[in-house]
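A.B. asks: Input file: target27.pdb. Contents: PDB, C-alpha atoms, pLDDT in the B column.
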ATOM      1  CA  MET A  10    -179.825 121.842 236.358  1.00 43.00           C
ATOM      2  CA  ASN A  11    -177.956 120.320 233.419  1.00 45.00           C
ATOM      3  CA  LEU A  12    -174.207 120.656 234.070  1.00 45.00           C
ATOM      4  CA  GLU A  13    -173.289 119.333 230.635  1.00 46.00           C
ATOM      5  CA  GLY A  14    -174.344 122.634 229.090  1.00 43.00           C
ATOM      6  CA  LEU A  15    -172.195 124.584 231.555  1.00 40.00           C
ATOM      7  CA  ILE A  16    -169.018 122.609 230.959  1.00 42.00           C
ATOM      8  CA  ARG A  17    -167.497 122.967 227.523  1.00 46.00           C
ATOM      9  CA  GLU A  18    -164.077 122.873 225.997  1.00 50.00           C
ATOM     10  CA  ARG A  19    -163.128 126.053 224.250  1.00 63.00           C
ATOM     11  CA  GLU A  20    -162.224 125.585 220.614  1.00 65.00           C
ATOM     12  CA  TYR A  21    -160.042 128.664 220.028  1.00 74.00           C
ATOM     13  CA  ASP A  22    -160.989 128.925 216.366  1.00 83.00           C
ATOM     14  CA  LYS A  23    -159.274 125.712 215.302  1.00 89.00           C
ATOM     15  CA  PRO A  24    -158.823 125.522 211.531  1.00 91.00           C
ATOM     16  CA  VAL A  25    -160.289 122.478 209.747  1.00 91.00           C
ATOM     17  CA  ASN A  26    -159.313 122.927 206.120  1.00 95.00           C
ATOM     18  CA  CYS A  27    -156.276 124.479 204.465  1.00 96.00           C
ATOM     19  CA  SER A  28    -156.805 128.087 203.445  1.00 95.00           C
ATOM     20  CA  LYS A  29    -154.683 127.556 200.319  1.00 97.00           C
ATOM     21  CA  CYS A  30    -155.872 124.259 198.833  1.00 96.00           C
ATOM     22  CA  GLY A  31    -158.814 123.142 200.989  1.00 96.00           C
ATOM     23  CA  GLY A  32    -156.994 119.996 202.122  1.00 97.00           C
ATOM     24  CA  LYS A  33    -157.335 118.459 205.580  1.00 96.00           C
ATOM     25  CA  LEU A  34    -155.178 119.768 208.391  1.00 96.00           C
ATOM     26  CA  LYS A  35    -153.162 117.628 210.777  1.00 96.00           C
ATOM     27  CA  TYR A  36    -152.541 118.936 214.297  1.00 95.00           C
ATOM     28  CA  LEU A  37    -148.819 119.315 215.042  1.00 96.00           C
ATOM     29  CA  GLY A  38    -149.102 120.738 218.564  1.00 94.00           C
ATOM     30  CA  VAL A  39    -148.888 124.158 220.270  1.00 92.00           C
ATOM     31  CA  GLY A  40    -151.658 125.601 218.099  1.00 94.00           C
ATOM     32  CA  GLU A  41    -150.094 124.645 214.771  1.00 96.00           C
ATOM     33  CA  TYR A  42    -151.603 122.581 211.948  1.00 97.00           C
ATOM     34  CA  GLU A  43    -150.168 121.343 208.655  1.00 97.00           C
ATOM     35  CA  CYS A  44    -152.044 120.573 205.447  1.00 97.00           C
ATOM     36  CA  THR A  45    -151.718 116.936 204.427  1.00 97.00           C
ATOM     37  CA  GLU A  46    -152.003 117.949 200.758  1.00 97.00           C
ATOM     38  CA  CYS A  47    -149.724 120.978 200.260  1.00 97.00           C
ATOM     39  CA  GLY A  48    -147.830 121.348 203.561  1.00 97.00           C
ATOM     40  CA  ASN A  49    -149.225 124.815 204.298  1.00 97.00           C
ATOM     41  CA  LYS A  50    -149.144 125.673 208.007  1.00 97.00           C
ATOM     42  CA  GLU A  51    -152.102 127.225 209.833  1.00 97.00           C
ATOM     43  CA  LEU A  52    -152.535 128.434 213.417  1.00 96.00           C
ATOM     44  CA  ASP A  53    -155.461 128.381 215.806  1.00 96.00           C
ATOM     45  CA  ASP A  54    -156.033 131.287 218.225  1.00 96.00           C
ATOM     46  CA  TYR A  55    -153.612 129.834 220.768  1.00 96.00           C
ATOM     47  CA  GLY A  56    -150.901 129.475 218.123  1.00 96.00           C
ATOM     48  CA  LYS A  57    -151.415 133.046 216.926  1.00 97.00           C
ATOM     49  CA  VAL A  58    -151.165 134.453 220.455  1.00 96.00           C
ATOM     50  CA  ARG A  59    -148.231 132.224 221.389  1.00 95.00           C
ATOM     51  CA  ASN A  60    -146.222 133.217 218.297  1.00 96.00           C
ATOM     52  CA  PHE A  61    -147.023 136.902 218.806  1.00 96.00           C
ATOM     53  CA  LEU A  62    -145.879 136.816 222.435  1.00 95.00           C
ATOM     54  CA  GLU A  63    -142.662 135.035 221.478  1.00 93.00           C
ATOM     55  CA  GLU A  64    -141.921 137.866 219.057  1.00 95.00           C
ATOM     56  CA  HIS A  65    -143.224 140.620 221.384  1.00 93.00           C
ATOM     57  CA  PRO A  66    -142.417 139.636 224.976  1.00 89.00           C
ATOM     58  CA  GLY A  67    -144.205 141.834 227.502  1.00 86.00           C
ATOM     59  CA  ALA A  68    -147.031 142.772 225.110  1.00 91.00           C
ATOM     60  CA  ASN A  69    -150.279 143.441 226.925  1.00 90.00           C
ATOM     61  CA  VAL A  70    -153.696 142.061 226.065  1.00 91.00           C
ATOM     62  CA  LEU A  71    -154.709 144.995 223.870  1.00 94.00           C
ATOM     63  CA  GLN A  72    -151.453 144.895 221.901  1.00 95.00           C
ATOM     64  CA  THR A  73    -151.840 141.136 221.492  1.00 95.00           C
ATOM     65  CA  GLU A  74    -155.457 141.503 220.346  1.00 97.00           C
ATOM     66  CA  LYS A  75    -154.445 144.089 217.758  1.00 97.00           C
ATOM     67  CA  GLY A  76    -151.402 142.119 216.592  1.00 97.00           C
ATOM     68  CA  THR A  77    -153.171 138.767 216.218  1.00 97.00           C
ATOM     69  CA  GLY A  78    -156.834 139.509 215.548  1.00 97.00           C
ATOM     70  CA  VAL A  79    -157.700 137.233 218.488  1.00 96.00           C
ATOM     71  CA  SER A  80    -160.290 138.860 220.755  1.00 95.00           C
ATOM     72  CA  LYS A  81    -159.478 140.048 224.269  1.00 94.00           C
ATOM     73  CA  ALA A  82    -162.102 137.611 225.607  1.00 93.00           C
ATOM     74  CA  VAL A  83    -160.388 134.636 223.949  1.00 94.00           C
ATOM     75  CA  ILE A  84    -156.969 135.798 225.189  1.00 94.00           C
ATOM     76  CA  ASN A  85    -158.351 136.014 228.726  1.00 92.00           C
ATOM     77  CA  ASP A  86    -159.876 132.526 228.287  1.00 92.00           C
ATOM     78  CA  LEU A  87    -156.419 131.235 227.319  1.00 93.00           C
ATOM     79  CA  ILE A  88    -155.055 132.684 230.558  1.00 91.00           C
ATOM     80  CA  VAL A  89    -157.901 131.287 232.678  1.00 91.00           C
ATOM     81  CA  ASP A  90    -157.524 127.854 231.028  1.00 90.00           C
ATOM     82  CA  GLY A  91    -153.813 127.832 231.889  1.00 89.00           C
ATOM     83  CA  LYS A  92    -152.648 127.867 228.274  1.00 89.00           C
ATOM     84  CA  LEU A  93    -150.869 131.193 228.840  1.00 87.00           C
ATOM     85  CA  GLU A  94    -149.114 132.425 231.940  1.00 82.00           C
ATOM     86  CA  ILE A  95    -148.757 135.966 233.147  1.00 77.00           C
ATOM     87  CA  SER A  96    -145.138 137.008 233.530  1.00 72.00           C
ATOM     88  CA  SER A  97    -143.782 138.945 236.477  1.00 61.00           C
ATOM     89  CA  LYS A  98    -144.853 142.052 234.558  1.00 55.00           C
ATOM     90  CA  ALA A  99    -148.492 141.607 235.572  1.00 44.00           C
ATOM     91  CA  ARG A 100    -149.730 144.256 233.151  1.00 49.00           C
ATOM     92  CA  PHE A 101    -150.616 141.648 230.509  1.00 47.00           C
ATOM     93  CA  LEU A 102    -154.007 140.586 231.900  1.00 46.00           C
ATOM     94  CA  ARG A 103    -155.628 144.021 231.972  1.00 44.00           C
ATOM     95  CA  GLY A 104    -153.731 145.630 229.129  1.00 46.00           C
ATOM     96  CA  ASP A 105    -154.400 149.052 230.581  1.00 43.00           C
ATOM     97  CA  GLY A 106    -151.032 149.662 232.222  1.00 44.00           C
ATOM     98  CA  GLU A 107    -152.354 148.989 235.717  1.00 40.00           C
ATOM     99  CA  GLU A 108    -150.766 146.327 237.867  1.00 36.00           C
TER     100      GLU A 108
END
Kindly transcribe the structure held in the file into structure tokens.

C.D. replies:
Amino acid sequence: MNLEGLIREREYDKPVNCSKCGGKLKYLGVGEYECTECGNKELDDYGKVRNFLEEHPGANVLQTEKGTGVSKAVINDLIVDGKLEISSKARFLRGDGEE
């Protein structure tokens, strides 16, 4: 069995080129990128979810999916990968109101 195919790093829809001018993007950290040509800022999936949760603390997975356009599967991957933590209000993971 080839383990290399089983182990992969998730990309979280990382932007490559600026959506405004097509310039190259430089990674700034925490899911944020800046265009080296025009200074426009872009976000990958992690950045979108992180910003949304900062503005909407306690939002569940379905609310976050709707508010960011990032799929529920990717949001759950972010949790599994340790990029997001579940608060004491454990409703976030399921998004269905169950604890």

A.B. asks: Just want the 7 Å neighbourhood of Gly40 in chain A, counted on all atoms listed in the file, with same-chain residues fewer than 2 positions away dropped. Output as a list in words.

C.D. replies: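 That gives Gly38, Tyr42, Leu52, Asp53, Tyr55 and Gly56 of chain A.
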
A.B. asks: To verify the selection step, state as JSON, numbers by chain which residues the PyMOL selection byres ((chain A and resi 24-34) around 8) yields on this input.

C.D. replies: {"A": [22, 23, 35, 36, 42, 43, 44, 45, 46, 47, 49, 51, 52, 53]}

A.B. asks: Which neighbours of Phe61 in chain A fall inside 12 Å, counting only C-alpha atoms, when residues of the same chain fewer than 4 positions from it are skipped, and could you give them as a list in words?

C.D. replies: Leu52, Asp54, Tyr55, Gly56, Lys57, His65, Pro66, Gly67, Ala68, Asn69, Val70, Gln72, Thr73, Glu74, Lys75, Gly76, Thr77, Gly78, Val79 and Ile84 of chain A

A.B. asks: One decimal, Å: what's the distance from CA of Arg59 in chain A over to CA of Val89 in chain A, could you say?

C.D. replies: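 Separation between CA of Arg59 in chain A and CA of Val89 in chain A: 14.9 Å.
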
A.B. asks: Between CA of Glu63 in chain A and CA of Leu87 in chain A, what is the spacing in Å?

C.D. replies: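 Interatomic distance, CA of Leu87 in chain A to CA of Glu63 in chain A: 15.4 Å.
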
A.B. asks: Set up a box along x, y and z of the file covering all listed atoms of range 77-86 of chain A, add 8 Å on every one of the six sides, and write the centre and edge lengths in Å to one decimal, as AutoDock Vina command-line options.

C.D. replies:
--center_x -157.6 --center_y 136.3 --center_z 222.1 --size_x 24.9 --size_y 23.5 --size_z 29.2

A.B. asks: Between A:Leu62, A:Lys50, A:Val39, A:Val83, which residue has the minimum interatomic distance to Ser96 in chain A, considering all atoms listed in the file?

C.D. replies: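 Ranking A:Leu62, A:Lys50, A:Val39, A:Val83 by distance to Ser96 in chain A, first place goes to A:Leu62.
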
A.B. asks: CA of Asn85 in chain A to CA of Leu37 in chain A: how many Å, to one decimal?

C.D. replies: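 Between these atoms lies a distance of 23.6 Å.
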
A.B. asks: With only C-alpha atoms as the basis for distance, which of A:Gly48, A:Leu71, A:Ser80, A:Glu94 is at the shortest distance from Tyr21 in chain A?

C.D. replies: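 Of the candidates, the smallest distance to Tyr21 in chain A is held by A:Ser80.
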